[in-house]
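Content type mmCIF, C-alpha atoms and all ligand atoms, from the file query_14.cif:
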data_structure
#
loop_
_atom_site.label_atom_id
_atom_site.label_comp_id
_atom_site.auth_asym_id
_atom_site.auth_seq_id
_atom_site.Cartn_x
_atom_site.Cartn_y
_atom_site.Cartn_z
CA MET A 1 96.63 11.63 188.72
CA ARG A 2 95.22 15.11 189.28
CA HIS A 3 92.84 16.11 186.55
CA ASP A 4 94.74 19.26 185.54
CA GLU A 5 97.83 17.10 185.01
CA GLN A 6 95.79 14.65 182.91
CA VAL A 7 94.59 17.54 180.74
CA ARG A 8 98.14 18.91 180.37
CA LEU A 9 99.42 15.51 179.24
CA ILE A 10 96.55 14.81 176.87
CA LYS A 11 97.05 18.23 175.26
CA GLN A 12 100.72 17.43 174.85
CA LEU A 13 99.95 14.10 173.21
CA LEU A 14 97.39 15.67 170.87
CA ALA A 15 99.86 18.40 169.95
CA HIS A 16 102.48 15.78 169.11
CA LEU A 17 99.98 13.83 167.04
CA ASP A 18 98.80 16.89 165.15
CA ALA A 19 102.29 18.28 164.53
CA GLY A 20 103.88 14.88 163.80
CA THR A 21 106.42 15.26 166.61
CA ASN A 22 107.56 13.33 169.64
CA VAL A 23 109.40 14.12 172.88
CA ASP A 24 113.01 15.16 172.46
CA ALA A 25 115.83 14.12 174.76
CA GLY A 26 117.97 16.89 173.34
CA GLY A 27 120.44 14.72 171.53
CA ILE A 28 121.62 11.21 170.84
CA ARG A 29 123.36 9.34 173.64
CA ARG A 30 126.00 6.65 173.35
CA LEU A 31 126.04 3.84 175.87
CA SER A 32 128.83 1.33 176.29
CA THR A 33 127.59 -2.21 175.76
CA GLN A 34 129.72 -3.20 178.73
CA THR A 35 126.88 -2.00 180.94
CA TYR A 36 125.09 -5.22 179.96
CA THR A 37 128.05 -7.60 180.29
CA ASP A 38 130.50 -6.33 182.89
CA PRO A 39 130.51 -8.67 185.94
CA ASP A 40 131.95 -5.96 188.21
CA GLN A 41 129.20 -3.51 187.33
CA ALA A 42 126.60 -6.26 187.75
CA GLU A 43 127.92 -7.03 191.22
CA ARG A 44 127.90 -3.36 192.19
CA GLU A 45 124.35 -2.97 190.94
CA ARG A 46 123.24 -5.96 192.99
CA ARG A 47 124.97 -4.66 196.10
CA GLN A 48 124.03 -1.00 195.76
CA PHE A 49 120.65 -1.06 194.01
CA PHE A 50 119.18 -4.41 195.06
CA ARG A 51 120.65 -5.14 198.50
CA GLY A 52 121.15 -1.53 199.54
CA LEU A 53 117.70 -0.08 198.84
CA PRO A 54 114.10 -0.89 199.77
CA GLN A 55 112.50 -3.16 197.20
CA CYS A 56 108.91 -3.31 196.01
CA VAL A 57 107.75 -6.91 196.49
CA GLY A 58 104.13 -6.53 195.46
CA MET A 59 100.90 -4.73 196.20
CA SER A 60 98.77 -4.64 199.32
CA GLY A 61 96.23 -6.90 197.60
CA ASP A 62 98.84 -9.67 197.56
CA LEU A 63 98.48 -9.80 201.33
CA ALA A 64 94.78 -9.08 201.66
CA GLU A 65 94.03 -11.14 204.78
CA PRO A 66 95.85 -11.87 208.04
CA GLY A 67 98.02 -14.91 207.38
CA ALA A 68 98.51 -14.11 203.69
CA PHE A 69 102.16 -14.37 202.74
CA LEU A 70 104.54 -14.18 199.81
CA THR A 71 108.18 -15.18 199.48
CA ASN A 72 110.90 -13.57 197.42
CA ASN A 73 114.24 -15.12 196.43
CA ASP A 74 115.26 -12.54 193.85
CA LEU A 75 117.47 -10.40 196.04
CA GLY A 76 120.12 -12.83 197.24
CA ILE A 77 118.43 -13.30 200.60
CA PRO A 78 115.31 -15.42 201.19
CA ILE A 79 112.45 -13.12 202.18
CA LEU A 80 109.11 -13.99 203.74
CA ALA A 81 106.55 -11.17 203.81
CA ALA A 82 103.27 -11.60 205.62
CA ARG A 83 100.12 -9.91 206.88
CA ALA A 84 100.08 -10.30 210.67
CA ASN A 85 96.91 -10.89 212.66
CA ASP A 86 96.67 -7.22 213.55
CA GLY A 87 96.86 -6.25 209.87
CA ALA A 88 100.47 -5.08 209.96
CA PHE A 89 102.70 -5.75 206.97
CA LEU A 90 105.83 -7.58 208.17
CA ALA A 91 108.85 -9.15 206.53
CA PHE A 92 111.46 -11.61 207.74
CA VAL A 93 114.56 -13.44 206.66
CA ASN A 94 113.03 -16.72 205.51
CA SER A 95 115.54 -18.84 207.40
CA CYS A 96 114.78 -21.04 210.37
CA ARG A 97 116.40 -20.04 213.65
CA HIS A 98 117.23 -23.69 214.38
CA ARG A 99 119.67 -24.58 211.61
CA GLY A 100 118.78 -22.12 208.90
CA ALA A 101 116.59 -24.05 206.47
CA VAL A 102 114.18 -22.01 204.38
CA VAL A 103 110.98 -22.04 206.39
CA GLU A 104 108.31 -21.18 203.83
CA THR A 105 108.90 -22.71 200.41
CA GLU A 106 105.64 -21.73 198.71
CA GLU A 107 105.61 -18.54 196.62
CA ARG A 108 102.40 -17.28 198.13
CA GLY A 109 99.41 -18.43 200.12
CA SER A 110 97.75 -18.05 203.49
CA LYS A 111 98.71 -19.75 206.78
CA ARG A 112 98.32 -19.34 210.49
CA ARG A 113 101.75 -20.89 211.10
CA PHE A 114 104.92 -21.18 209.08
CA THR A 115 106.43 -24.58 209.81
CA CYS A 116 109.99 -25.39 208.88
CA PRO A 117 110.11 -28.59 206.79
CA PHE A 118 113.35 -29.78 208.48
CA HIS A 119 112.43 -30.35 212.15
CA ALA A 120 109.06 -28.61 212.24
CA TRP A 121 109.84 -25.53 214.28
CA SER A 122 106.90 -23.25 213.72
CA TYR A 123 106.43 -19.49 213.64
CA ASP A 124 103.31 -17.36 213.71
CA THR A 125 102.50 -14.58 211.26
CA SER A 126 104.36 -12.06 213.40
CA GLY A 127 107.48 -14.22 213.13
CA ALA A 128 107.44 -15.45 216.73
CA LEU A 129 108.66 -18.98 217.39
CA VAL A 130 105.54 -20.68 218.72
CA GLY A 131 106.46 -24.34 218.75
CA LEU A 132 109.22 -26.88 218.45
CA PRO A 133 108.89 -30.64 218.73
CA LYS A 134 110.31 -32.35 221.82
CA PRO A 135 111.45 -29.20 223.57
CA ASP A 136 112.53 -31.23 226.61
CA HIS A 137 114.84 -33.30 224.39
CA PHE A 138 116.15 -30.33 222.44
CA GLY A 139 117.31 -28.40 225.46
CA ASP A 140 116.68 -25.08 227.03
CA VAL A 141 116.27 -22.29 224.48
CA ASP A 142 114.78 -18.87 224.91
CA THR A 143 112.01 -19.05 222.32
CA GLU A 144 111.37 -15.33 222.82
CA CYS A 145 114.70 -14.58 221.16
CA LEU A 146 114.33 -17.09 218.34
CA GLY A 147 111.66 -15.51 216.20
CA LEU A 148 112.30 -15.09 212.49
CA LYS A 149 114.79 -12.32 211.89
CA PRO A 150 112.79 -9.19 210.97
CA LEU A 151 113.46 -7.14 207.87
CA PRO A 152 112.42 -3.48 207.55
CA ALA A 153 109.02 -3.38 205.84
CA GLU A 154 106.66 -0.55 204.88
CA GLU A 155 103.41 -0.35 203.00
CA ARG A 156 102.63 2.86 201.19
CA HIS A 157 100.11 3.80 198.47
CA GLY A 158 99.15 0.10 198.20
CA LEU A 159 102.73 -0.96 197.43
CA LEU A 160 104.75 -3.30 199.64
CA PHE A 161 108.39 -2.43 200.29
CA VAL A 162 110.98 -4.57 202.06
CA HIS A 163 114.59 -3.77 202.76
CA PRO A 164 116.67 -6.90 202.12
CA ASP A 165 119.23 -5.80 204.70
CA PRO A 166 118.07 -6.31 208.31
CA GLU A 167 120.05 -3.18 209.24
CA GLY A 168 118.73 -1.22 206.25
CA VAL A 169 116.57 1.88 206.47
CA ILE A 170 113.46 2.36 204.36
CA ASP A 171 113.16 5.94 203.19
CA LEU A 172 110.21 6.06 200.81
CA ASP A 173 110.20 9.86 200.84
CA ASP A 174 113.55 9.56 199.09
CA LEU A 175 112.81 6.50 196.95
CA LEU A 176 109.49 7.78 195.58
CA GLY A 177 110.18 11.49 195.86
CA GLU A 178 107.56 14.16 196.43
CA TRP A 179 106.15 13.64 192.94
CA PHE A 180 105.22 9.94 193.17
CA ASN A 181 104.24 10.29 196.84
CA ASP A 182 101.79 12.95 195.72
CA GLU A 183 100.49 11.18 192.61
CA PHE A 184 100.30 7.50 193.60
CA PRO A 185 97.40 7.87 196.08
CA THR A 186 95.19 9.03 193.21
CA TRP A 187 95.41 5.56 191.63
CA ASN A 188 94.06 3.65 194.66
CA PHE A 189 96.56 0.83 194.24
CA ASP A 190 95.59 -0.31 197.74
CA THR A 191 92.20 -1.49 196.45
CA MET A 192 93.57 -3.64 193.62
CA ILE A 193 93.42 -7.40 193.63
CA PRO A 194 96.05 -9.73 192.14
CA ILE A 195 94.78 -11.70 189.16
CA ASN A 196 97.92 -13.09 187.59
CA HIS A 197 101.62 -13.53 188.33
CA ASP A 198 104.11 -14.42 185.60
CA ALA A 199 107.87 -14.88 185.86
CA TYR A 200 110.14 -14.79 182.82
CA ASP A 201 113.65 -16.11 183.30
CA THR A 202 115.32 -14.46 180.33
CA PRO A 203 118.88 -14.56 178.94
CA CYS A 204 119.43 -10.81 179.07
CA ASN A 205 120.70 -8.22 181.50
CA TRP A 206 117.95 -6.80 183.71
CA LYS A 207 118.49 -3.33 182.19
CA LEU A 208 117.86 -4.65 178.68
CA ALA A 209 114.46 -5.83 179.90
CA MET A 210 113.77 -2.38 181.37
CA ASP A 211 114.95 -0.74 178.13
CA THR A 212 112.11 -2.31 176.17
CA PHE A 213 109.61 -0.30 178.22
CA GLY A 214 111.48 2.95 177.64
CA GLU A 215 110.16 4.06 174.26
CA THR A 216 107.37 3.51 171.75
CA TYR A 217 109.60 3.97 168.73
CA HIS A 218 109.49 0.19 168.24
CA PHE A 219 105.71 -0.25 168.29
CA ALA A 220 105.16 -0.01 164.53
CA SER A 221 107.81 -2.62 163.78
CA LEU A 222 108.15 -5.07 166.68
CA HIS A 223 104.50 -4.85 167.72
CA LYS A 224 103.09 -4.45 164.20
CA ASN A 225 100.51 -7.20 164.80
CA THR A 226 99.74 -6.45 168.43
CA LEU A 227 100.14 -3.18 170.35
CA ILE A 228 100.12 -0.90 167.34
CA GLU A 229 96.39 -1.60 166.98
CA THR A 230 95.79 0.07 170.35
CA PHE A 231 98.64 2.58 170.57
CA HIS A 232 100.21 5.22 168.39
CA GLY A 233 103.89 4.40 167.93
CA ASN A 234 106.63 6.96 168.43
CA VAL A 235 104.66 9.52 170.36
CA GLN A 236 104.64 9.92 174.12
CA CYS A 237 104.96 12.34 177.03
CA TYR A 238 107.95 12.22 179.30
CA ASP A 239 108.72 13.84 182.66
CA ASP A 240 111.35 13.34 185.33
CA ASP A 241 112.19 14.98 188.65
CA ALA A 242 115.92 15.36 188.07
CA ASP A 243 115.60 19.14 188.57
CA VAL A 244 114.84 18.51 192.26
CA GLY A 245 117.51 15.83 192.59
CA GLY A 246 115.12 12.92 192.11
CA HIS A 247 115.50 9.71 190.15
CA SER A 248 111.86 9.13 189.22
CA HIS A 249 110.44 9.38 185.77
CA ARG A 250 107.15 8.81 184.01
CA MET A 251 106.10 8.23 180.43
CA ILE A 252 102.61 8.51 179.00
CA LEU A 253 102.02 6.25 176.03
CA CYS A 254 99.43 7.39 173.50
CA ARG A 255 96.35 5.25 172.95
CA ARG A 256 94.45 5.52 169.70
CA ASP A 257 91.35 6.19 171.81
CA ILE A 258 92.81 9.63 172.48
CA ASP A 259 90.68 10.81 169.57
CA GLN A 260 87.63 10.49 171.82
CA MET A 261 88.99 13.47 173.78
CA ARG A 262 88.62 15.71 170.76
CA HIS A 263 84.83 15.46 171.08
CA LEU A 264 84.60 15.79 174.85
CA PRO A 265 84.81 18.82 177.16
CA GLU A 266 88.11 18.91 179.05
CA ASP A 267 86.49 18.09 182.37
CA GLN A 268 85.63 14.66 180.94
CA TRP A 269 89.12 13.91 179.66
CA ASP A 270 90.64 10.77 181.12
CA ILE A 271 94.30 9.87 180.85
CA THR A 272 93.51 6.16 181.06
CA VAL A 273 91.37 6.47 177.92
CA ALA A 274 93.86 8.67 176.09
CA GLY A 275 97.05 7.02 177.23
CA LEU A 276 98.93 4.57 179.40
CA PRO A 277 100.98 6.03 182.26
CA VAL A 278 104.28 4.23 182.86
CA TYR A 279 105.94 5.00 186.20
CA TRP A 280 109.54 3.99 186.80
CA ILE A 281 110.31 3.34 190.45
CA PHE A 282 114.02 3.23 191.08
CA PRO A 283 115.75 0.95 190.31
CA ASN A 284 113.82 -1.93 188.73
CA VAL A 285 110.06 -1.37 188.87
CA ILE A 286 107.68 -0.34 186.14
CA LEU A 287 104.14 0.40 187.24
CA MET A 288 101.42 0.93 184.65
CA PRO A 289 97.94 1.87 185.88
CA PHE A 290 95.16 1.54 183.35
CA ARG A 291 91.37 1.64 183.30
CA ALA A 292 90.81 -1.80 184.79
CA GLY A 293 93.82 -2.13 187.08
CA ALA A 294 97.58 -2.04 186.95
CA PHE A 295 100.62 -3.92 185.74
CA LEU A 296 103.61 -4.23 188.01
CA VAL A 297 106.84 -5.32 186.31
CA ARG A 298 110.01 -5.98 188.31
CA ALA A 299 113.35 -7.00 186.79
CA TYR A 300 115.90 -8.81 188.96
CA PRO A 301 119.50 -9.54 187.95
CA ALA A 302 120.68 -13.14 188.23
CA GLU A 303 123.50 -13.63 190.68
CA GLY A 304 126.84 -14.17 188.97
CA ASP A 305 125.56 -13.73 185.40
CA PRO A 306 125.16 -10.21 183.97
CA GLY A 307 123.48 -11.77 180.92
CA ARG A 308 120.51 -13.20 182.76
CA HIS A 309 117.61 -11.86 184.76
CA VAL A 310 114.11 -12.72 185.94
CA SER A 311 111.18 -10.42 185.20
CA ARG A 312 108.09 -10.67 187.33
CA VAL A 313 105.00 -9.42 185.53
CA ASP A 314 102.01 -9.09 187.82
CA PHE A 315 98.53 -7.97 186.90
CA TYR A 316 96.10 -6.46 189.42
CA MET A 317 92.45 -5.67 188.82
CA LYS A 318 90.52 -2.82 190.42
CA GLY A 319 88.67 -4.19 193.43
CA GLU A 320 85.24 -2.98 192.33
CA LEU A 321 85.64 -4.89 189.04
CA ALA A 322 87.20 -8.03 190.51
CA ASN A 323 84.59 -8.29 193.26
CA ALA A 324 81.56 -7.61 191.06
CA LYS A 325 79.11 -10.52 190.90
CA GLY A 326 76.87 -11.80 188.13
CA VAL A 327 77.26 -13.25 184.65
CA GLN A 328 78.02 -9.91 183.02
CA ALA A 329 80.63 -9.04 185.64
CA GLN A 330 82.25 -12.42 185.12
CA GLU A 331 82.42 -11.87 181.38
CA ILE A 332 84.07 -8.48 181.91
CA GLN A 333 86.54 -9.98 184.38
CA GLU A 334 87.45 -12.72 181.91
CA MET A 335 87.84 -10.24 179.08
CA ILE A 336 90.13 -8.01 181.14
CA ALA A 337 92.17 -10.99 182.32
CA THR A 338 92.61 -12.10 178.70
CA ILE A 339 93.75 -8.63 177.64
CA ALA A 340 96.19 -8.58 180.55
CA GLN A 341 97.55 -12.02 179.70
CA ASN A 342 97.98 -10.99 176.06
CA PHE A 343 99.96 -7.95 177.20
CA ALA A 344 102.20 -10.12 179.39
CA ASP A 345 102.69 -12.52 176.46
CA ILE A 346 103.73 -9.62 174.22
CA ILE A 347 106.39 -8.63 176.75
CA ARG A 348 107.73 -12.20 176.79
CA ASP A 349 107.30 -13.14 173.12
CA GLU A 350 108.15 -9.86 171.43
CA ASP A 351 110.04 -7.44 173.70
CA TYR A 352 112.19 -9.93 175.60
CA VAL A 353 113.08 -11.76 172.40
CA MET A 354 114.73 -8.50 171.30
CA SER A 355 116.38 -8.05 174.72
CA SER A 356 117.87 -11.53 174.43
CA SER A 357 119.08 -10.86 170.91
CA GLN A 358 120.75 -7.65 172.12
CA GLN A 359 122.42 -9.61 174.93
CA THR A 360 123.75 -12.22 172.51
CA ALA A 361 125.45 -9.48 170.50
CA ALA A 362 126.70 -7.70 173.63
CA ASN A 363 128.19 -10.96 174.97
CA ALA A 364 130.01 -11.45 171.67
CA GLY A 365 131.48 -7.96 171.88
CA ALA A 366 129.83 -7.22 168.55
CA LEU A 367 129.66 -3.46 169.25
CA ASP A 368 131.49 -1.15 171.67
CA HIS A 369 128.45 0.99 172.15
CA ILE A 370 124.81 1.41 171.19
CA ILE A 371 122.86 4.65 170.78
CA PHE A 372 119.65 6.06 172.21
CA GLY A 373 117.66 8.46 170.02
CA ARG A 374 116.15 11.79 170.90
CA ASN A 375 112.80 10.01 171.04
CA GLU A 376 113.99 7.58 173.75
CA PRO A 377 114.38 9.94 176.73
CA ALA A 378 113.60 7.39 179.45
CA LEU A 379 116.62 5.36 178.36
CA HIS A 380 118.88 8.42 178.51
CA HIS A 381 117.56 9.23 181.96
CA TYR A 382 117.87 5.94 183.71
CA HIS A 383 121.16 4.84 182.23
CA ALA A 384 122.63 8.23 183.17
CA THR A 385 121.10 7.94 186.65
CA PHE A 386 122.57 4.47 187.18
CA ALA A 387 125.99 5.57 185.96
CA SER A 388 125.92 8.59 188.23
CA LYS A 389 124.92 6.56 191.30
CA LEU A 390 127.59 3.95 190.59
CA GLY A 391 130.25 6.61 189.96
CA LEU A 392 130.73 5.35 186.39
CA GLU A 393 131.48 7.41 183.33
CA MET A 394 128.28 9.06 182.11
CA PRO A 395 126.87 7.82 178.80
CA GLU A 396 127.92 10.47 176.31
CA LEU A 397 125.29 12.90 175.00
CA LEU A 398 126.03 14.01 171.47
CA GLU A 399 124.42 17.45 171.36
CA GLY A 400 122.85 18.47 168.11
CA SER A 401 123.90 15.31 166.38
CA ALA A 402 120.46 14.60 165.03
CA SER A 403 119.47 16.48 161.91
CA GLN A 404 115.84 16.62 163.01
CA PRO A 405 114.97 17.92 166.47
CA ASN A 406 111.82 15.83 166.50
CA ARG A 407 111.00 12.56 164.82
CA ARG A 408 107.76 12.00 163.03
CA HIS A 409 105.36 9.59 164.64
CA LEU A 410 103.89 6.83 162.52
S1 LIG A 501 116.21 -26.09 210.52
FE1 LIG A 501 114.18 -25.52 210.80
S2 LIG A 501 113.43 -26.85 212.28
FE2 LIG A 501 115.49 -27.41 212.06
FE FE A 502 107.51 -3.26 173.45
#
Structure translated into structure tokens:
Amino acid sequence: MRHDEQVRLIKQLLAHLDAGTNVDAGGIRRLSTQTYTDPDQAERERRQFFRGLPQCVGMSGDLAEPGAFLTNNDLGIPILAARANDGAFLAFVNSCRHRGAVVETEERGSKRRFTCPFHAWSYDTSGALVGLPKPDHFGDVDTECLGLKPLPAEERHGLLFVHPDPEGVIDLDDLLGEWFNDEFPTWNFDTMIPINHDAYDTPCNWKLAMDTFGETYHFASLHKNTLIETFHGNVQCYDDDADVGGHSHRMILCRRDIDQMRHLPEDQWDITVAGLPVYWIFPNVILMPFRAGAFLVRAYPAEGDPGRHVSRVDFYMKGELANAKGVQAQEIQEMIATIAQNFADIIRDEDYVMSSSQQTAANAGALDHIIFGRNEPALHHYHATFASKLGLEMPELLEGSASQPNRRHL
């Protein structure tokens, strides 16, 4: 993030802290609980948002070496992504050209050849069919035409994108917008190294999982024994690019260490000391860079069940930290990994417990609608964005319905 933007945001956070205010979405918004339960909407979301758009499947560090691969089965089509020998990032439909079995069954690893477990046809890292047993018995086939089916793939700013439709087009200028395309290079995501991958299969709609990241109003209650020690609750910065037709948005959470800025000249201010940036990449990615690395959270709807999803919570460490040698470096690495694991556990054991409880009530039809406060602008933004893109009725904004324009932080 450019330094002048860091200073602007830190000033905004300090002003909120000092005045006892928070961001203001301009009103309260009502959202139909059907958005979490309606099978038709769930199917449209899967088709339009998950099969019809490029998807982030990880970071460059996941495929550090030629032969490194990862698989993804979250999008309704088996995907194999790999680093080819020439360093290119490639993706394929993970289905054997013989009789269609899934070729690579491991989640990640490194191989020179991908060999189908059924009859042992094998493919190289560029997807070419390079061997089949008993070719003289099998018959004459043009192996040149029987490589793994390619999927559009692009690597940008250290993030890996795959389009799950072989005919799809990846347009990262549109997906990330000018704003994120300008800001992401400053984080050097391409140098980060994967440390941990968690997957939480959770009985809640994928948007309920995303919702938990959308405000800090809940920190003093839900995270009263955990995050509130590090963060101020109910104070944040919020920006989106809706004014230029974009769908991106970014929150800055407020760390208690922000007080250090009060004693430092502005040119030494650091947003990763004062806060935690939270980038929302449309439709299902939350990317949080911090001092030692970054968290990448992706929420995927379960096929055929609007009340279920899988969240993938991945932690990456800055390369210079992860690669440092020596006893002290190892201690630091272990400490950071523990902090990261604790954060992932909080998501699972605190946030997603609430998401599941909300889903239980939504499934029961307990309420027709829920409400988002003025201090929850990210939730207003993305639910309105989804509704607009799906051609659904917009969640209703109740102008001036709150007696206080700004809520007090705790
Ligand atoms: S289905 Fe893969 S080798 Fe036969
Ligand atoms: Fe939370």
- Task: Identify which of the residues A:Leu53, A:Val273, A:Leu392, A:Ile339 lies closest to Ser32 (chain A), counting all atoms listed in the file when measuring atom-to-atom distances.
- Result: A:Leu392
- Task: Please return, as number ranges by chain, all polymer residues that have at least one atom within 8 Å of the point (125.9, -5.2, 181.0); use only C-alpha atoms and the file's own coordinate frame.
- Result: A: 33-39, 41-42, 205, 207, 306-307, 362
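Among A:Pro185, A:Gly233, A:Gly58, A:Pro301, the residue with the shortest atom-to-atom distance to Thr216 (chain A), counting all atoms listed in the file, is A:Gly233.
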- Item | Test item: residues lying within 8 Å of ligand LIG 501 (chain A) with all atoms listed in the file, as a ChimeraX atom specification | /A:95-103,115-122,132
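Counting all atoms listed in the file, the residue from A:Trp187, A:Phe343, A:Trp269, A:Tyr123 that sits nearest to Thr226 (chain A) is A:Phe343.
We find CA of Leu397 (chain A) and CA of Gly373 (chain A) to be spaced 10.1 Å apart.
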Point (106.0, -17.4, 185.6) neighbourhood (10 Å, all atoms listed in the file) written as a CSV table (one decimal) with C-alpha atoms, in the coordinates of the input:
chain,number,residue,atom,x,y,z
A,196,ASN,CA,97.9,-13.1,187.6
A,197,HIS,CA,101.6,-13.5,188.3
A,198,ASP,CA,104.1,-14.4,185.6
A,199,ALA,CA,107.9,-14.9,185.9
A,200,TYR,CA,110.1,-14.8,182.8
A,201,ASP,CA,113.6,-16.1,183.3
A,310,VAL,CA,114.1,-12.7,185.9
A,311,SER,CA,111.2,-10.4,185.2
A,312,ARG,CA,108.1,-10.7,187.3
A,313,VAL,CA,105.0,-9.4,185.5
A,314,ASP,CA,102.0,-9.1,187.8
- Using all atoms listed in the file, determine which residues fall within 12 Å of ligand FE 502 (chain A), then list them as a PyMOL selection string. chain A and resi 208-228+231+233-234+253+343-355
- Separation of CA of Asp174 (chain A) from CA of His381 (chain A) in Å: 17.6 Å
- Message: Excluding Gln55 (chain A) and its own-chain neighbours fewer than 6 positions away, which residues fall within 8 Å of it when counting only C-alpha atoms? Please give them as number ranges by chain.
- Response: A: 161-164
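Here the question is which of A:Thr360, A:Asn85, A:Gln236, A:Ser126 gets nearest to Lys11 (chain A) using all atoms listed in the file, and that residue is A:Gln236.
The nearest approach to Gly293 (chain A) among the residues A:Met59, A:Ala64, A:Leu129, A:Val235, with only C-alpha atoms taken into account, belongs to A:Met59.
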Produce the centre coordinates and the three edge lengths, each in Å to one decimal, of the box along x, y and z that contains all listed atoms of region 67-77 of chain A with 6 Å added on each side, as AutoDock Vina command-line options.
--center_x 109.1 --center_y -12.8 --center_z 200.6 --size_x 34.1 --size_y 16.8 --size_z 25.5
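Taking CA of Ser110 (chain A) as the reference point, CA of Leu296 (chain A) is found at 21.6 Å.
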